[in-house]
file run.pdb (PDB, C-alpha atoms and all ligand atoms)
ATOM      1  CA  LYS A   1      64.369 132.687 125.246
ATOM      2  CA  SER A   2      64.045 136.020 123.515
ATOM      3  CA  ILE A   3      60.794 138.002 123.623
ATOM      4  CA  ALA A   4      59.701 140.811 121.280
ATOM      5  CA  ILE A   5      56.968 143.161 122.485
ATOM      6  CA  PHE A   6      54.734 144.975 119.991
ATOM      7  CA  SER A   7      53.045 148.078 121.372
ATOM      8  CA  SER A   8      51.307 151.080 119.787
ATOM      9  CA  GLY A   9      50.881 153.472 122.686
ATOM     10  CA  SER A  10      51.753 154.134 126.292
ATOM     11  CA  GLY A  11      53.428 150.802 126.933
ATOM     12  CA  SER A  12      52.801 150.409 130.652
ATOM     13  CA  ASN A  13      52.339 146.666 130.112
ATOM     14  CA  ALA A  14      55.512 146.564 128.040
ATOM     15  CA  GLU A  15      57.430 148.224 130.878
ATOM     16  CA  ASN A  16      55.958 145.807 133.402
ATOM     17  CA  LEU A  17      56.964 142.831 131.242
ATOM     18  CA  ILE A  18      60.487 144.162 130.690
ATOM     19  CA  THR A  19      61.123 144.639 134.400
ATOM     20  CA  TYR A  20      59.509 141.314 135.307
ATOM     21  CA  PHE A  21      61.606 139.306 132.861
ATOM     22  CA  ARG A  22      64.812 140.951 134.110
ATOM     23  CA  LYS A  23      64.254 138.937 137.272
ATOM     24  CA  THR A  24      63.596 135.582 135.587
ATOM     25  CA  GLN A  25      65.926 132.993 134.140
ATOM     26  CA  CYS A  26      64.233 131.567 131.093
ATOM     27  CA  ALA A  27      63.377 134.654 129.039
ATOM     28  CA  ASN A  28      64.197 138.278 128.430
ATOM     29  CA  VAL A  29      62.599 141.105 126.445
ATOM     30  CA  SER A  30      65.138 141.786 123.724
ATOM     31  CA  VAL A  31      63.324 144.276 121.499
ATOM     32  CA  VAL A  32      60.269 146.552 121.438
ATOM     33  CA  LEU A  33      58.546 147.207 118.129
ATOM     34  CA  SER A  34      55.989 149.896 117.397
ATOM     35  CA  ASN A  35      53.928 151.045 114.452
ATOM     36  CA  ASN A  36      53.818 154.535 115.983
ATOM     37  CA  GLN A  37      56.899 156.757 116.042
ATOM     38  CA  GLU A  38      55.283 158.931 118.718
ATOM     39  CA  ALA A  39      54.388 156.065 121.043
ATOM     40  CA  PHE A  40      55.401 156.614 124.661
ATOM     41  CA  VAL A  41      56.500 152.974 124.797
ATOM     42  CA  LEU A  42      59.596 154.056 122.844
ATOM     43  CA  ASN A  43      60.592 156.435 125.667
ATOM     44  CA  ARG A  44      60.118 153.639 128.165
ATOM     45  CA  ALA A  45      62.255 151.259 126.103
ATOM     46  CA  LYS A  46      64.998 153.838 125.856
ATOM     47  CA  ARG A  47      64.983 154.484 129.602
ATOM     48  CA  LEU A  48      65.085 150.742 130.285
ATOM     49  CA  GLU A  49      67.836 150.296 127.683
ATOM     50  CA  VAL A  50      65.876 147.867 125.554
ATOM     51  CA  PRO A  51      66.402 148.260 121.786
ATOM     52  CA  SER A  52      63.367 149.473 119.899
ATOM     53  CA  THR A  53      62.349 149.931 116.303
ATOM     54  CA  THR A  54      59.379 151.335 114.408
ATOM     55  CA  PHE A  55      57.797 150.282 111.158
ATOM     56  CA  SER A  56      55.337 151.694 108.662
ATOM     57  CA  ARG A  57      52.145 150.140 107.366
ATOM     58  CA  ASN A  58      53.973 149.370 104.162
ATOM     59  CA  ASP A  59      56.838 147.624 105.990
ATOM     60  CA  PHE A  60      54.346 145.554 107.933
ATOM     61  CA  TYR A  61      51.853 144.516 105.278
ATOM     62  CA  HIS A  62      53.814 144.722 102.032
ATOM     63  CA  SER A  63      57.219 143.443 103.031
ATOM     64  CA  GLU A  64      58.582 140.925 105.473
ATOM     65  CA  ALA A  65      61.174 143.311 106.877
ATOM     66  CA  ILE A  66      59.898 142.660 110.411
ATOM     67  CA  LEU A  67      61.143 139.081 110.128
ATOM     68  CA  ASP A  68      64.688 140.400 109.693
ATOM     69  CA  VAL A  69      64.363 142.447 112.878
ATOM     70  CA  LEU A  70      63.015 139.426 114.757
ATOM     71  CA  GLU A  71      65.830 137.287 113.427
ATOM     72  CA  LYS A  72      68.424 139.865 114.433
ATOM     73  CA  TYR A  73      67.225 139.651 118.048
ATOM     74  CA  GLU A  74      66.790 135.856 117.834
ATOM     75  CA  VAL A  75      63.172 136.255 118.878
ATOM     76  CA  ASP A  76      61.356 133.099 120.003
ATOM     77  CA  PHE A  77      58.105 134.627 121.204
ATOM     78  CA  ILE A  78      56.004 137.722 120.454
ATOM     79  CA  VAL A  79      53.850 139.529 122.999
ATOM     80  CA  LEU A  80      51.289 142.069 121.828
ATOM     81  CA  ALA A  81      50.680 144.624 124.577
ATOM     82  CA  GLY A  82      48.391 147.381 123.379
ATOM     83  CA  PHE A  83      49.248 146.762 119.737
ATOM     84  CA  LEU A  84      46.485 147.951 117.428
ATOM     85  CA  TRP A  85      47.219 146.482 113.991
ATOM     86  CA  LEU A  86      46.086 143.125 112.689
ATOM     87  CA  ILE A  87      48.940 140.602 112.487
ATOM     88  CA  PRO A  88      49.641 139.551 108.878
ATOM     89  CA  SER A  89      49.641 135.855 108.032
ATOM     90  CA  TYR A  90      53.375 135.665 107.169
ATOM     91  CA  LEU A  91      54.120 136.613 110.767
ATOM     92  CA  ILE A  92      51.660 134.099 112.196
ATOM     93  CA  SER A  93      53.181 131.355 110.039
ATOM     94  CA  ALA A  94      56.670 132.285 111.187
ATOM     95  CA  PHE A  95      55.610 132.151 114.883
ATOM     96  CA  PRO A  96      52.995 129.396 115.179
ATOM     97  CA  ASN A  97      51.495 129.448 118.678
ATOM     98  CA  ARG A  98      54.219 131.901 119.584
ATOM     99  CA  ILE A  99      52.201 135.137 119.558
ATOM    100  CA  VAL A 100      49.953 136.188 122.420
ATOM    101  CA  ASN A 101      47.811 139.262 123.018
ATOM    102  CA  ILE A 102      46.149 140.828 126.017
ATOM    103  CA  HIS A 103      42.653 142.212 125.635
ATOM    104  CA  PRO A 104      41.122 144.469 128.304
ATOM    105  CA  ALA A 105      37.745 142.683 128.544
ATOM    106  CA  LEU A 106      36.264 139.216 128.816
ATOM    107  CA  LEU A 107      36.364 137.922 125.243
ATOM    108  CA  PRO A 108      34.371 136.936 123.230
ATOM    109  CA  LYS A 109      32.526 140.010 124.473
ATOM    110  CA  TYR A 110      33.878 143.424 123.453
ATOM    111  CA  GLY A 111      36.385 142.181 120.884
ATOM    112  CA  GLY A 112      36.991 142.992 117.237
ATOM    113  CA  LYS A 113      38.273 145.855 115.150
ATOM    114  CA  GLY A 114      38.102 149.212 116.889
ATOM    115  CA  MET A 115      37.680 147.590 120.298
ATOM    116  CA  PHE A 116      40.756 148.798 122.140
ATOM    117  CA  GLY A 117      41.635 150.908 125.146
ATOM    118  CA  GLU A 118      38.963 153.368 126.216
ATOM    119  CA  ASN A 119      36.492 152.163 123.575
ATOM    120  CA  VAL A 120      36.248 148.815 125.302
ATOM    121  CA  HIS A 121      35.747 150.243 128.784
ATOM    122  CA  LYS A 122      33.153 152.717 127.527
ATOM    123  CA  ALA A 123      31.206 149.907 125.855
ATOM    124  CA  VAL A 124      31.326 147.773 129.004
ATOM    125  CA  VAL A 125      30.183 150.616 131.295
ATOM    126  CA  GLU A 126      27.374 151.564 128.908
ATOM    127  CA  SER A 127      26.212 147.943 128.623
ATOM    128  CA  GLY A 128      25.454 147.665 132.324
ATOM    129  CA  ASP A 129      27.515 144.444 132.603
ATOM    130  CA  LYS A 130      28.387 143.636 136.190
ATOM    131  CA  GLU A 131      31.871 142.360 135.448
ATOM    132  CA  SER A 132      34.803 142.876 133.118
ATOM    133  CA  GLY A 133      38.386 141.718 133.148
ATOM    134  CA  ILE A 134      41.239 140.614 130.943
ATOM    135  CA  THR A 135      41.742 137.913 128.329
ATOM    136  CA  ILE A 136      45.157 136.614 127.321
ATOM    137  CA  HIS A 137      44.915 134.669 124.074
ATOM    138  CA  TYR A 138      46.866 133.290 121.159
ATOM    139  CA  VAL A 139      46.825 135.456 118.050
ATOM    140  CA  ASN A 140      45.456 134.450 114.676
ATOM    141  CA  GLU A 141      44.685 136.409 111.494
ATOM    142  CA  HIS A 142      41.527 137.952 112.959
ATOM    143  CA  TYR A 143      41.025 140.434 115.766
ATOM    144  CA  ASP A 144      40.578 138.903 119.214
ATOM    145  CA  THR A 145      39.470 135.393 118.235
ATOM    146  CA  GLY A 146      42.491 133.178 118.928
ATOM    147  CA  SER A 147      42.154 130.569 121.662
ATOM    148  CA  THR A 148      41.964 131.829 125.223
ATOM    149  CA  ILE A 149      44.856 131.091 127.557
ATOM    150  CA  PHE A 150      43.740 132.932 130.682
ATOM    151  CA  GLN A 151      41.020 135.243 131.983
ATOM    152  CA  ALA A 152      40.727 137.235 135.208
ATOM    153  CA  ARG A 153      37.687 139.184 136.343
ATOM    154  CA  CYS A 154      36.822 142.383 138.168
ATOM    155  CA  LEU A 155      33.518 143.899 139.232
ATOM    156  CA  VAL A 156      31.939 146.818 137.433
ATOM    157  CA  MET A 157      30.259 148.885 140.163
ATOM    158  CA  PRO A 158      27.481 151.454 139.829
ATOM    159  CA  GLY A 159      29.294 154.755 139.338
ATOM    160  CA  ASP A 160      32.268 153.204 137.556
ATOM    161  CA  THR A 161      33.434 155.283 134.576
ATOM    162  CA  PRO A 162      35.512 154.093 131.623
ATOM    163  CA  GLU A 163      38.512 155.594 133.438
ATOM    164  CA  SER A 164      37.892 153.885 136.772
ATOM    165  CA  LEU A 165      37.230 150.579 135.033
ATOM    166  CA  ALA A 166      40.410 150.981 132.975
ATOM    167  CA  ALA A 167      42.372 151.369 136.212
ATOM    168  CA  LYS A 168      40.947 148.120 137.614
ATOM    169  CA  VAL A 169      41.635 146.264 134.385
ATOM    170  CA  HIS A 170      45.181 147.587 134.252
ATOM    171  CA  GLU A 171      45.785 146.240 137.757
ATOM    172  CA  LEU A 172      44.715 142.792 136.546
ATOM    173  CA  GLU A 173      46.988 143.129 133.522
ATOM    174  CA  TYR A 174      50.031 144.069 135.582
ATOM    175  CA  LYS A 175      49.382 141.269 138.043
ATOM    176  CA  HIS A 176      48.778 138.410 135.615
ATOM    177  CA  PHE A 177      50.255 139.093 132.180
ATOM    178  CA  PRO A 178      53.971 138.542 132.963
ATOM    179  CA  ARG A 179      53.295 135.362 134.906
ATOM    180  CA  VAL A 180      51.050 133.864 132.206
ATOM    181  CA  VAL A 181      53.606 134.679 129.500
ATOM    182  CA  GLU A 182      56.378 133.212 131.633
ATOM    183  CA  ASP A 183      54.415 129.989 132.108
ATOM    184  CA  ILE A 184      54.125 129.546 128.352
ATOM    185  CA  ILE A 185      57.649 130.550 127.424
ATOM    186  CA  CYS A 186      59.391 128.559 130.082
ATOM    187  CA  LYS A 187      57.719 125.391 128.776
ATOM    188  CA  LEU A 188      58.817 125.945 125.167
TER
HETATM  189  C1  LIG A 201      45.887 147.610 127.711
HETATM  190  O1  LIG A 201      44.734 147.773 128.494
HETATM  191  C2  LIG A 201      45.758 146.462 126.765
HETATM  192  O2  LIG A 201      44.992 145.419 127.258
HETATM  193  C3  LIG A 201      45.026 147.131 125.641
HETATM  194  O3  LIG A 201      45.593 148.385 125.520
HETATM  195  C4  LIG A 201      46.064 148.801 126.794
HETATM  196  C5  LIG A 201      47.491 149.179 126.609
HETATM  197  O4  LIG A 201      48.002 149.865 127.702
HETATM  198  N1  LIG A 201      44.816 146.344 124.512
HETATM  199  P1  LIG A 201      49.567 150.075 127.796
HETATM  200  O5  LIG A 201      50.049 150.619 126.466
HETATM  201  O6  LIG A 201      50.189 148.749 128.123
HETATM  202  O7  LIG A 201      49.768 151.078 128.891
END

call {"tool": "encode", "arguments": {"input": "run.pdb", "output": "C-alpha cells"}}
result
Amino acid sequence: KSIAIFSSGSGSNAENLITYFRKTQCANVSVVLSNNQEAFVLNRAKRLEVPSTTFSRNDFYHSEAILDVLEKYEVDFIVLAGFLWLIPSYLISAFPNRIVNIHPALLPKYGGKGMFGENVHKAVVESGDKESGITIHYVNEHYDTGSTIFQARCLVMPGDTPESLAAKVHELEYKHFPRVVEDIICKL
C-alpha cells in the first residue's frame, strides 16, 4: 500500500512514520505533500529520500491537481500529520475512510479551527484539566470531528507549561501513531 503524508510544519511525526514504514511489509510512505514551501518537513523528506511536493491554496481548493499527484504515487491512504488546512470534499470523496489525522488533545475537547500545535497545549494548561493526550481520527469536511479511532492519555501536572505538555504529547504521538495507521492500512 502507498501512503501520502500531508504536513505543514516541522514534520517530526512524518519522519517517524517514514522510518517506521520502512520496516514494515504492507505499506510505505511514497510522497510528502505540504502547503508550506518553508516547512521543515520538506528537509526531512529530502534527507530520507522521499519525494515531496508543495501546493498553493488555489491548487488545493480551486483545482483537483492534488489528485494527479496522488495518482502518480498510486496513493491508497492519506495521513495528516500536523497539516493545518481543511480537507476539501473532492479529496474526501476520492479517499473515503482513507484519510486520518492526529490531534494533540483528547477530542472533542480542544478541537476546531485554530486549535493546533501550541494553541492546544496552552488552552489545556490554562483550563486546569488534569489530563490531555492524543486523538487519531478519520477526517471529514470539518475540523476535528471525524470518528475517533484511538486515544491515549497523559497527565497534566501542576507546573506543566505548554512546552512541557507538548513534549509529553509528542511522545504519545511517536509511540502510537505509526502502529495505529499500520493496523488500519494492513487490513485494507
Ligand atoms: C503534532 O502535535 C500534531 O498532533 C499536531 O501538530 C503537531 C505536528 O508536529 N496537529 P510535527 O510537525 O509532526 O513535528

call {"tool": "residues_around", "arguments": {"input": "run.pdb", "residues": "range 71-81 of chain A", "least_positions_apart": "6", "cutoff": "7 Å", "atoms": "all atoms listed in the file", "output": "VMD selection string"}}
result
chain A and resid 1 to 7 13 to 14 30 to 31 98 to 102

call {"tool": "residues_around", "arguments": {"input": "run.pdb", "residues": "Gly128 in chain A", "least_positions_apart": "3", "cutoff": "12 Å", "atoms": "only C-alpha atoms", "output": "PyMOL selection string"}}
result
chain A and resi 121-125+131-132+155-162

call {"tool": "write_last_selection", "arguments": {"input": "run.pdb", "atoms": "C-alpha atoms", "output": "PDB file, in the frame of the given file"}}
result
ATOM      1  CA  HIS A 121      35.747 150.243 128.784  1.00  0.00           C
ATOM      2  CA  LYS A 122      33.153 152.717 127.527  1.00  0.00           C
ATOM      3  CA  ALA A 123      31.206 149.907 125.855  1.00  0.00           C
ATOM      4  CA  VAL A 124      31.326 147.773 129.004  1.00  0.00           C
ATOM      5  CA  VAL A 125      30.183 150.616 131.295  1.00  0.00           C
ATOM      6  CA  GLU A 131      31.871 142.360 135.448  1.00  0.00           C
ATOM      7  CA  SER A 132      34.803 142.876 133.118  1.00  0.00           C
ATOM      8  CA  LEU A 155      33.518 143.899 139.232  1.00  0.00           C
ATOM      9  CA  VAL A 156      31.939 146.818 137.433  1.00  0.00           C
ATOM     10  CA  MET A 157      30.259 148.885 140.163  1.00  0.00           C
ATOM     11  CA  PRO A 158      27.481 151.454 139.829  1.00  0.00           C
ATOM     12  CA  GLY A 159      29.294 154.755 139.338  1.00  0.00           C
ATOM     13  CA  ASP A 160      32.268 153.204 137.556  1.00  0.00           C
ATOM     14  CA  THR A 161      33.434 155.283 134.576  1.00  0.00           C
ATOM     15  CA  PRO A 162      35.512 154.093 131.623  1.00  0.00           C
TER      16      PRO A 162
END

call {"tool": "resolve_selection", "arguments": {"input": "run.pdb", "expression": "the PyMOL selection byres (((chain A and resi 60) around 12) and not hetatm)", "output": "list in words"}}
result
Leu33, Ser34, Asn35, Thr54, Phe55, Ser56, Arg57, Asn58, Asp59, Tyr61, His62, Ser63, Glu64, Ala65, Ile66, Leu67, Asp68, Val69, Trp85, Leu86, Ile87, Pro88, Ser89, Tyr90 and Leu91 of chain A

call {"tool": "write_last_selection", "arguments": {"input": "run.pdb", "atoms": "C-alpha atoms", "output": "PDB file, keeping the file's coordinate frame"}}
result
ATOM      1  CA  LEU A  33      58.546 147.207 118.129  1.00  0.00           C
ATOM      2  CA  SER A  34      55.989 149.896 117.397  1.00  0.00           C
ATOM      3  CA  ASN A  35      53.928 151.045 114.452  1.00  0.00           C
ATOM      4  CA  THR A  54      59.379 151.335 114.408  1.00  0.00           C
ATOM      5  CA  PHE A  55      57.797 150.282 111.158  1.00  0.00           C
ATOM      6  CA  SER A  56      55.337 151.694 108.662  1.00  0.00           C
ATOM      7  CA  ARG A  57      52.145 150.140 107.366  1.00  0.00           C
ATOM      8  CA  ASN A  58      53.973 149.370 104.162  1.00  0.00           C
ATOM      9  CA  ASP A  59      56.838 147.624 105.990  1.00  0.00           C
ATOM     10  CA  TYR A  61      51.853 144.516 105.278  1.00  0.00           C
ATOM     11  CA  HIS A  62      53.814 144.722 102.032  1.00  0.00           C
ATOM     12  CA  SER A  63      57.219 143.443 103.031  1.00  0.00           C
ATOM     13  CA  GLU A  64      58.582 140.925 105.473  1.00  0.00           C
ATOM     14  CA  ALA A  65      61.174 143.311 106.877  1.00  0.00           C
ATOM     15  CA  ILE A  66      59.898 142.660 110.411  1.00  0.00           C
ATOM     16  CA  LEU A  67      61.143 139.081 110.128  1.00  0.00           C
ATOM     17  CA  ASP A  68      64.688 140.400 109.693  1.00  0.00           C
ATOM     18  CA  VAL A  69      64.363 142.447 112.878  1.00  0.00           C
ATOM     19  CA  TRP A  85      47.219 146.482 113.991  1.00  0.00           C
ATOM     20  CA  LEU A  86      46.086 143.125 112.689  1.00  0.00           C
ATOM     21  CA  ILE A  87      48.940 140.602 112.487  1.00  0.00           C
ATOM     22  CA  PRO A  88      49.641 139.551 108.878  1.00  0.00           C
ATOM     23  CA  SER A  89      49.641 135.855 108.032  1.00  0.00           C
ATOM     24  CA  TYR A  90      53.375 135.665 107.169  1.00  0.00           C
ATOM     25  CA  LEU A  91      54.120 136.613 110.767  1.00  0.00           C
TER      26      LEU A  91
END

call {"tool": "residues_near_ligand", "arguments": {"input": "run.pdb", "ligand": "ligand LIG 201 (chain A)", "cutoff": "6 Å", "atoms": "all atoms listed in the file", "output": "list in words"}}
result
Gly9, Ser10, Gly11, Ser12, Asn13, Ala14, Ala81, Gly82, Ile102, His103, Pro104, Phe116, Gly117 and His170 of chain A

call {"tool": "write_last_selection", "arguments": {"input": "run.pdb", "atoms": "C-alpha atoms", "output": "PDB file, in the frame of the given file"}}
result
ATOM      1  CA  GLY A   9      50.881 153.472 122.686  1.00  0.00           C
ATOM      2  CA  SER A  10      51.753 154.134 126.292  1.00  0.00           C
ATOM      3  CA  GLY A  11      53.428 150.802 126.933  1.00  0.00           C
ATOM      4  CA  SER A  12      52.801 150.409 130.652  1.00  0.00           C
ATOM      5  CA  ASN A  13      52.339 146.666 130.112  1.00  0.00           C
ATOM      6  CA  ALA A  14      55.512 146.564 128.040  1.00  0.00           C
ATOM      7  CA  ALA A  81      50.680 144.624 124.577  1.00  0.00           C
ATOM      8  CA  GLY A  82      48.391 147.381 123.379  1.00  0.00           C
ATOM      9  CA  ILE A 102      46.149 140.828 126.017  1.00  0.00           C
ATOM     10  CA  HIS A 103      42.653 142.212 125.635  1.00  0.00           C
ATOM     11  CA  PRO A 104      41.122 144.469 128.304  1.00  0.00           C
ATOM     12  CA  PHE A 116      40.756 148.798 122.140  1.00  0.00           C
ATOM     13  CA  GLY A 117      41.635 150.908 125.146  1.00  0.00           C
ATOM     14  CA  HIS A 170      45.181 147.587 134.252  1.00  0.00           C
TER      15      HIS A 170
END

call {"tool": "residues_around", "arguments": {"input": "run.pdb", "residues": "Cys154 in chain A", "least_positions_apart": "4", "cutoff": "9 Å", "atoms": "all atoms listed in the file", "output": "list of chain:residue names"}}
result
A:Lys130, A:Glu131, A:Ser132, A:Gly133, A:Ile134, A:Leu165, A:Lys168, A:Val169, A:Leu172

call {"tool": "residues_around", "arguments": {"input": "run.pdb", "residues": "Val120 in chain A", "least_positions_apart": "5", "cutoff": "8 Å", "atoms": "all atoms listed in the file", "output": "JSON, numbers by chain"}}
result
{"A": [104, 105, 110, 111, 115]}

call {"tool": "write_last_selection", "arguments": {"input": "run.pdb", "atoms": "C-alpha atoms", "output": "PDB file, in the coordinates of the input"}}
result
ATOM      1  CA  PRO A 104      41.122 144.469 128.304  1.00  0.00           C
ATOM      2  CA  ALA A 105      37.745 142.683 128.544  1.00  0.00           C
ATOM      3  CA  TYR A 110      33.878 143.424 123.453  1.00  0.00           C
ATOM      4  CA  GLY A 111      36.385 142.181 120.884  1.00  0.00           C
ATOM      5  CA  MET A 115      37.680 147.590 120.298  1.00  0.00           C
TER       6      MET A 115
END

call {"tool": "axis_aligned_box", "arguments": {"input": "run.pdb", "around": "range 113-129 of chain A", "padding_each_side": "4 Å", "output": "lines of an AutoDock Vina configuration file"}}
result
center_x = 33.5
center_y = 148.9
center_z = 123.9
size_x = 24.2
size_y = 16.9
size_z = 25.5

call {"tool": "atom_distance", "arguments": {"input": "run.pdb", "atom1": "CA of Ser52 in chain A", "atom2": "CA of Thr145 in chain A"}}
result
27.8 Å

call {"tool": "closest_residue", "arguments": {"input": "run.pdb", "among": "A:Ile184, A:Glu163, A:Ala39, A:Lys175", "to": "Asn16 in chain A", "atoms": "only C-alpha atoms"}}
result
A:Lys175

call {"tool": "atom_distance", "arguments": {"input": "run.pdb", "atom1": "CA of Asp129 in chain A", "atom2": "CA of Val180 in chain A"}}
result
25.8 Å

call {"tool": "residues_near_point", "arguments": {"input": "run.pdb", "point": "(43.1, 134.1, 125.4)", "cutoff": "8 Å", "atoms": "only C-alpha atoms", "output": "PyMOL selection string"}}
result
chain A and resi 100-102+107+135-138+146-151

call {"tool": "atom_distance", "arguments": {"input": "run.pdb", "atom1": "CA of Leu106 in chain A", "atom2": "CA of Glu182 in chain A"}}
result
21.2 Å

call {"tool": "closest_residue", "arguments": {"input": "run.pdb", "among": "A:Asn36, A:Ser127, A:Ile92, A:His142", "to": "Gly112 in chain A", "atoms": "only C-alpha atoms"}}
result
A:His142

call {"tool": "residues_near_point", "arguments": {"input": "run.pdb", "point": "(61.6, 151.4, 127.6)", "cutoff": "10 Å", "atoms": "only C-alpha atoms", "output": "list of chain:residue names"}}
result
A:Gly11, A:Ser12, A:Ala14, A:Glu15, A:Asn16, A:Ile18, A:Thr19, A:Val31, A:Val32, A:Phe40, A:Val41, A:Leu42, A:Asn43, A:Arg44, A:Ala45, A:Lys46, A:Arg47, A:Leu48, A:Glu49, A:Val50, A:Pro51, A:Ser52

call {"tool": "resolve_selection", "arguments": {"input": "run.pdb", "expression": "the PyMOL selection byres (((chain A and resi 183) around 12) and not hetatm)", "output": "PyMOL selection string"}}
result
chain A and resi 21+24+26-27+149-150+176-182+184-188

call {"tool": "closest_residue", "arguments": {"input": "run.pdb", "among": "A:Glu141, A:Tyr174, A:Lys113, A:Arg22", "to": "Pro96 in chain A", "atoms": "all atoms listed in the file"}}
result
A:Glu141
